[in-house]
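Trainee: The following block contains the structure, expressed as structure tokens.
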Amino acid sequence: MASSFPSLKRLQLIKEFGLNVYRSKQDFIDFLQDRDIYISSRTLNRDFIQLKEMGFDLTYDADRKKHQITDNFTEQQNLLDRLVELESVKGFEEDYSQLYHQYVIDGESTSEGLEFIRPLFEAIDKKLKTSFEYHKFDGTFSNRVIYPLQLKISQYRWYVLGHDVSRNALRIFGFDRMKNLKFNEAFDPTDLPNHTLKQLKLQRHYYGIAAHIFKEEKIQRVVLKVSKFLTEYWRSKPVHFSQEITEQTKDGSYIIELYVVPNIDLLKLIVSSLGEIEVLEPTTIQDYIRSNYSDFFKTFSAD
């Protein structure tokens, strides 16, 4: 019997089977049945929708009546792969807890609130209104009610993006600060205001989760001159799905374009690279860095 919400294992199998290859719906169903996973055509359609929401593109050849899955994430690991990897690592860590801590230096895979991944995944799929306590770093907390819409990973931390009912806006909540989750009645997606839907669409173009720095929240073309050393790293692990390496300069650096909503996380990436990155466009980001990070650069300047 199929799981009540899209199985991560099933989604992973569907993605791998249909990646860059046209398959009929019956091909997918037969492929899963060979692995003792039995689903209907309707369930497969729902899984296709889930894959789209996780960032994959699906194309349909009407003449052959076949589907193809395309991974347009340029990151080495997309959300689905990270979920599957996380489950494997956690299972291994639990089975070999003593040896794991003895032989593995792990400063990244552990995090509070990871037990919320599956229930929040289900809440997003079933469109369940979710309530919880949100604890601030100062020890205070507030009760929040959201319509959960997407999950996001940033700097090895997990977040849920949801429409905050009381604030009537899209908000981002870190798993490690959420307590006492409760899943309530289903909400109607048509009740979501247009500004929340717009913000949700823009979130794909954010680097990290910090708010935008300019008054108008919009996607901008950001042109960077990046050192050869850092570019090689970015080739293997792109910083954003829109990343495009356009040309190499005479000094060996590369011109890289991003289409992002400028925010503090993006600026921290640029500034913390200590001369490996130069902003060529837009001038608004150049001016912002000069105005807000001049003391930082003085600290590292030569006497």
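Each chain in the structure tokens gets a letter, A, B and so on, in the order shown; residues start at 1 in every chain, and ligands are counted from 1 in the order they appear.
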Hey, what's within 10 Å of A:Gln248 if we count only C-alpha atoms and toss same-chain stuff fewer than 4 positions away? As a PyMOL selection string, please?

Mentor: chain A and resi 225-228+252-256

Trainee: List as a list in words the protein and nucleic acid residues near A:Phe31, meaning an atom at most 12 Å away when only C-alpha atoms are counted, but skip any in the same chain fewer than 6 places from it.

Mentor: Arg10, Leu13, Ile14, Lys15, Glu16, Phe17, Gly18, Arg23, Ser24, Lys25, Ile37, Tyr38, Ile39 and Leu44 of chain A

Trainee: For atom CA of A:Ser273 and atom CA of A:Val260, quote the distance in Å rounded to one decimal.

Mentor: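 We find that atom CA of A:Ser273 and atom CA of A:Val260 lie 18.4 Å from each other.
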
Trainee: Between A:Gln220, A:Val261, A:Met178, A:Phe187, single out the one closest to A:Leu202, counting only C-alpha atoms.

Mentor: A:Val261

Trainee: Take atom CA of A:Leu258 and atom CA of A:Val279 and report the distance between them in Å, one decimal.

Mentor: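 It comes out at 11.2 Å.
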
Trainee: Report, in Å with one decimal, the straight-line distance from atom CA of A:Arg64 to atom CA of A:Asp34.

Mentor: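 Computing it gives 23.1 Å between the two atoms.
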
Trainee: Would you list the contacts of A:Tyr293 as a list in words, taking every protein, DNA or RNA residue within 10 Å and counting only C-alpha atoms, but skipping same-chain residues closer than 6 positions in sequence?

Mentor: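 Skipping anything fewer than 6 positions along the chain leaves Leu267, Lys268, Val271 and Asp287 of chain A.
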